[in-house]
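Asker: Quick one: the structure is below, and I'll ask about it shortly.
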Amino acid sequence: MHQTLQTAEFLRYMPAVAVCERSLRELNFAWRLIESTAKMVCPVEAKTILPTMKVTREGFNHLEQQLIANLVQQNITKSVQELDFKAQVIIDIVVRNLFERTADVGFLAMDDAIRAFILDEERDSAEIVERLRAYRDKYTVYDEILILDTEGRILANLDNGNEVTRSFDPLVMQTLKSDHYVETFAQSDLRAGPERALIYSHKIVNPADGEAIGVLCLCFPIAVEMKDVFDGLHKDGDRSVMLMLDEEGCVISSSDPEHIPAGRTVPLALEGEYQIVMYAGREYLARTCAARDYQGYGGPGWYGHVMISCETAFRRETLDVLAGHDPAVLRGVMSHAKSFCPPLHNVTVMAESINHSLRRVVWNGKIMSSGEDRDLLRLKSILHEISQTGDETNSIFRDSIQDLYATVVSSSLQDMQFISRLMIDIMDRNLYERANDCRWWALTPDIRRILADRKRSAEDALRITQILASINGLYTAYARLVVFDANGAIVAASDPHGDGLDMSGRSMDESLVRRTLQLSDSQAYCVSPFEPTWLYGDRATYIYCAAIFHPDHAGQAVGGIGIVFDAAPEFRNMLTASLPEQEHAFAAYTDRDGNVIASTHDDYPPGSVLRPAAAVMEAGNGVSAAAIRVHQQQYMMVGNTTSFGYREYKNADNYANDVIAMIFVPIGEQNDETVRQTGYTPVEVIEHSGGAREFATVLVDGNIFAMPASSVVEALEADRMLTASTLKPLIAGVLNYQDNSGSASAFVPVIDMRQLLHPGALKPEAAKEIVVVRHGRHTLGLLVDDLHNVLEFGNAQIDPPLQMFGKRTNYICNIIRTANSGQMIQVVDIESIINNVFGGSVEDFTCEEVLEGKEVVISATL
């Protein structure tokens, strides 16, 4: 049963969001109560603010619904992203691993020792079993290897506990009829027990005539492999269940077999970003992912599947991921919310808009109620309740939006960690196979025999070349394979890309030859540093080497084999396979010093430097982390993981080569202007006992200015202003204004207070308020950045302005001292603005009848 739950239904699974929802519902009730009280207690005085208050309350109500919906959706998104990533990694990692098995079985079926063993009627299985054991010691992913004749009789096998002597499994006949590998996942008499076995089989043919002489079977223990995959994806406190499923939804392997054991069938969740599925009577958030083809191989048709109970999916402890970041960086990141999370940006913009509307209601109410009238005092009490409830509402919205940001950022950073871990896991697993390959191919009987013969002929060198070419045809991850003698001279090489590189008289790097010849046995290998080599067109790569030992003298190295990894395309494929589909995102492998091994960014080719942060360079093996960083004037989500090896590779084989996988996802450009902190600055008023005056305070270019409250009519939203096409910069536009007296509307000029008080000041992104002032019979609009408060100051605090030098007009008539240390407030001279800006009288200002859309053409005598 598949379903999608609605927001209200998810709330029962999200206690933190449910608490927020209840708080907002209670505040919504408080708003209604205040509105009703204002209508009853002071209906006349509150008449002008009631409509705006209603709109503001309705806005809060709508925003509450959007906010809760976004909180629910982002919590879902965070959990779903993790499920989706895990499900995809589970299947993709396994498919990449199994792809290597398809090459292994084909190559081992061509082994001359195995062919000779089958053709020898007096065969002795002990020697071939020893060879199979040597193979498994290198390719430790196999738990059983079997050699069968064409009748299904077991000629040799590796597992002493597997007592099968003959197989009647249909895979035997199927393999004999095929010219390619056969992949089988089913119960088989080749493996004892009721569990299904994953077996790769290939026909073995007589090299003389190409006729089938037997079947080779490699048994891959999927349960062991899956435990390693699950352990790599499991985190502390993780309550999800990770599963590998077959095409019918039957569990192949489980990260929690006590909860969901192998053999159980679970509902698939292939549709959409997620599905709610029912299992054992409980609802689960689930995601199922099919494999993505890897070099044309799609795997056995299995699925990666992850599910978590809805009851626990959203109850995990949420760390404050924003606390550890610089506040300026966070403000810069949040300024790009529109690009990295549009719904979150929309909620923030709406919250800010409603908050401004609320502050405008309170500000206008305070202007209206300035004075000692008893009826106005009742309105002041209402305004106090509005202001207090507004602060509580804003606090909840601010905290909730902060939680949303934290959830979105946390989810993105979590993705970065997962992706970087996948990148390094893919690399380690791939290079593990390279270490295996060189050691096994060094045991090729013909190569050992020929290299031990000091009198080898040109035909012998040709024979080695043919062997290397056939290997390279199956294993395409190599630019070339080379065999060299004990002096380092190259005896033979493959040339899969046909570059015709002349090997005659050439030798391997002396230090690499010396290290190869010093290897103690066939289990040992060595690797060159990642550096340019002539064997790879003077590009940087790794060369994996193993010693070739004399067939008759144990421990005597007669040369070595070097396999030249095709680093450029192989590493790039590993990186691009993990790269998110986001413009300008890039990934890289580096060493601990930041030297680039590979990257998807043209500015960071191999050999360049991409220096990570100190914490990244010093991180322990297997440690994953993610952070917000500034990289090339861009805010970036950066994830990193330091290599941790795979099985014995880099863990128990004496090979140390720490690599750091890094993923960079851009958020937006670093812009100092966007990170300036703005907001309400409280003013402490000095206590006074004498006469006092009330002032309306506003913000202009980061400073607080005051106007006599008696001169202020009201504040209006700035988007009511019409743009003017013929005015000087000082006049921002006009306002088609009608006051509450019922008189006809008239055009009123709007002065840009930034340009008036601070000529040349930067224009804000959007001035938010127009303060309508009146002096005598003249009305004027003042465009300000924001409203501040309406405050009462004692006469003793009000001083004359500072004397201005020269003839520059002074628009400041007084200075107010406050209780804030080092703070003063300048009082704007409304009369001076009217007289000086318009050169005398406002009657010189005329509006001609030209209205085109929202633009008005004005002529003025300035």
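In the structure tokens, the first chain shown is A, the next is B, and so on; residue numbers restart at 1 for each chain, and ligands run from 1 in the order shown.
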List the spatial neighbours of Leu422 in chain A as a PyMOL selection string - criterion: any atom at most 8 Å away, only C-alpha atoms, same-chain residues fewer than 4 positions off excluded.
Answerer: chain A and resi 89+418+426+578
Asker: Residues at most 6 Å from Val750 in chain A, counting only C-alpha atoms, excluding those fewer than 3 positions away in the same chain, as number ranges by chain?
Answerer: A: 731-734, 781-782
Asker: Write out as a PyMOL selection string the residues lying within 12 Å of Gln556 in chain A, counting only C-alpha atoms and excluding same-chain residues fewer than 2 positions away.
Answerer: chain A and resi 448+451-452+486+516-522+547-554+558-560
Asker: Please dump the current selection as an mmCIF file, in the first residue's frame; keep N, CA and C atoms.
Answerer:
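Output (part25.cif):
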data_model
loop_
_atom_site.group_PDB
_atom_site.id
_atom_site.type_symbol
_atom_site.label_atom_id
_atom_site.label_comp_id
_atom_site.auth_asym_id
_atom_site.auth_seq_id
_atom_site.Cartn_x
_atom_site.Cartn_y
_atom_site.Cartn_z
ATOM 1 N N ARG A 448 56.110 -15.904 -16.373
ATOM 2 C CA ARG A 448 57.151 -16.294 -15.421
ATOM 3 C C ARG A 448 58.223 -17.139 -16.112
ATOM 4 N N LEU A 451 60.273 -14.909 -18.658
ATOM 5 C CA LEU A 451 61.129 -13.911 -18.016
ATOM 6 C C LEU A 451 62.293 -14.572 -17.273
ATOM 7 N N ALA A 452 62.105 -15.818 -16.828
ATOM 8 C CA ALA A 452 63.187 -16.536 -16.129
ATOM 9 C C ALA A 452 64.259 -17.010 -17.097
ATOM 10 N N ALA A 486 64.775 -7.914 -14.633
ATOM 11 C CA ALA A 486 65.390 -7.545 -13.357
ATOM 12 C C ALA A 486 66.238 -6.288 -13.454
ATOM 13 N N THR A 516 60.008 -2.787 -6.615
ATOM 14 C CA THR A 516 59.311 -3.995 -7.090
ATOM 15 C C THR A 516 60.129 -5.243 -6.810
ATOM 16 N N LEU A 517 61.415 -5.191 -7.124
ATOM 17 C CA LEU A 517 62.280 -6.369 -6.939
ATOM 18 C C LEU A 517 62.514 -6.698 -5.469
ATOM 19 N N GLN A 518 62.249 -5.722 -4.583
ATOM 20 C CA GLN A 518 62.429 -5.968 -3.154
ATOM 21 C C GLN A 518 61.182 -6.560 -2.495
ATOM 22 N N LEU A 519 60.102 -6.722 -3.270
ATOM 23 C CA LEU A 519 58.877 -7.304 -2.708
ATOM 24 C C LEU A 519 59.135 -8.741 -2.298
ATOM 25 N N SER A 520 58.576 -9.149 -1.161
ATOM 26 C CA SER A 520 58.941 -10.424 -0.557
ATOM 27 C C SER A 520 58.246 -11.630 -1.169
ATOM 28 N N ASP A 521 56.984 -11.444 -1.620
ATOM 29 C CA ASP A 521 56.250 -12.598 -2.141
ATOM 30 C C ASP A 521 55.141 -12.119 -3.067
ATOM 31 N N SER A 522 54.349 -13.070 -3.534
ATOM 32 C CA SER A 522 53.322 -12.739 -4.531
ATOM 33 C C SER A 522 52.124 -11.990 -3.938
ATOM 34 N N ALA A 547 56.118 -8.107 -8.308
ATOM 35 C CA ALA A 547 57.304 -8.841 -8.747
ATOM 36 C C ALA A 547 56.895 -10.134 -9.461
ATOM 37 N N ILE A 548 57.660 -10.477 -10.488
ATOM 38 C CA ILE A 548 57.483 -11.761 -11.177
ATOM 39 C C ILE A 548 58.586 -12.684 -10.668
ATOM 40 N N PHE A 549 58.191 -13.793 -10.054
ATOM 41 C CA PHE A 549 59.164 -14.692 -9.433
ATOM 42 C C PHE A 549 59.482 -15.876 -10.344
ATOM 43 N N HIS A 550 60.715 -16.382 -10.186
ATOM 44 C CA HIS A 550 61.183 -17.541 -10.960
ATOM 45 C C HIS A 550 60.261 -18.727 -10.658
ATOM 46 N N PRO A 551 59.820 -19.457 -11.687
ATOM 47 C CA PRO A 551 58.893 -20.570 -11.446
ATOM 48 C C PRO A 551 59.499 -21.714 -10.647
ATOM 49 N N ASP A 552 60.834 -21.812 -10.660
ATOM 50 C CA ASP A 552 61.457 -22.940 -9.975
ATOM 51 C C ASP A 552 62.228 -22.546 -8.730
ATOM 52 N N HIS A 553 62.426 -21.262 -8.514
ATOM 53 C CA HIS A 553 63.210 -20.796 -7.361
ATOM 54 C C HIS A 553 62.375 -19.795 -6.570
ATOM 55 N N ALA A 554 61.768 -20.261 -5.525
ATOM 56 C CA ALA A 554 60.879 -19.419 -4.730
ATOM 57 C C ALA A 554 61.612 -18.196 -4.188
ATOM 58 N N VAL A 558 62.573 -12.184 -10.977
ATOM 59 C CA VAL A 558 63.232 -12.105 -12.280
ATOM 60 C C VAL A 558 62.726 -10.902 -13.078
ATOM 61 N N GLY A 559 61.899 -10.104 -12.472
ATOM 62 C CA GLY A 559 61.361 -8.921 -13.149
ATOM 63 C C GLY A 559 60.084 -8.473 -12.474
ATOM 64 N N GLY A 560 59.288 -7.764 -13.237
ATOM 65 C CA GLY A 560 58.052 -7.280 -12.641
ATOM 66 C C GLY A 560 57.034 -6.911 -13.707
#
Asker: Can you work out the spacing between CA of Val95 in chain A and CA of Ala134 in chain A in Å, to one decimal?
Answerer: 25.1 Å
Asker: So which residues touch range 712-716 of chain A within 7 Å, counting only C-alpha atoms, skipping near sequence neighbours fewer than 6 positions away, as a list of chain:residue names?
Answerer: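 Here the qualifying residues turn out to be A:Arg360, A:Asn364, A:Glu769, A:Ile770, A:Val771, A:Val772, A:Val773, A:Arg774.
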Asker: Take the residues that were just selected and, keeping C-alpha atoms, output them as an mmCIF file, in the first residue's frame.
Answerer:
data_model
loop_
_atom_site.group_PDB
_atom_site.id
_atom_site.type_symbol
_atom_site.label_atom_id
_atom_site.label_comp_id
_atom_site.auth_asym_id
_atom_site.auth_seq_id
_atom_site.Cartn_x
_atom_site.Cartn_y
_atom_site.Cartn_z
ATOM 1 C CA ARG A 360 3.589 50.441 10.668
ATOM 2 C CA ASN A 364 0.922 55.049 13.055
ATOM 3 C CA GLU A 769 8.395 53.410 4.083
ATOM 4 C CA ILE A 770 7.064 56.835 3.156
ATOM 5 C CA VAL A 771 6.447 59.185 6.084
ATOM 6 C CA VAL A 772 3.815 61.798 5.242
ATOM 7 C CA VAL A 773 4.544 65.103 7.034
ATOM 8 C CA ARG A 774 2.635 68.368 7.126
#
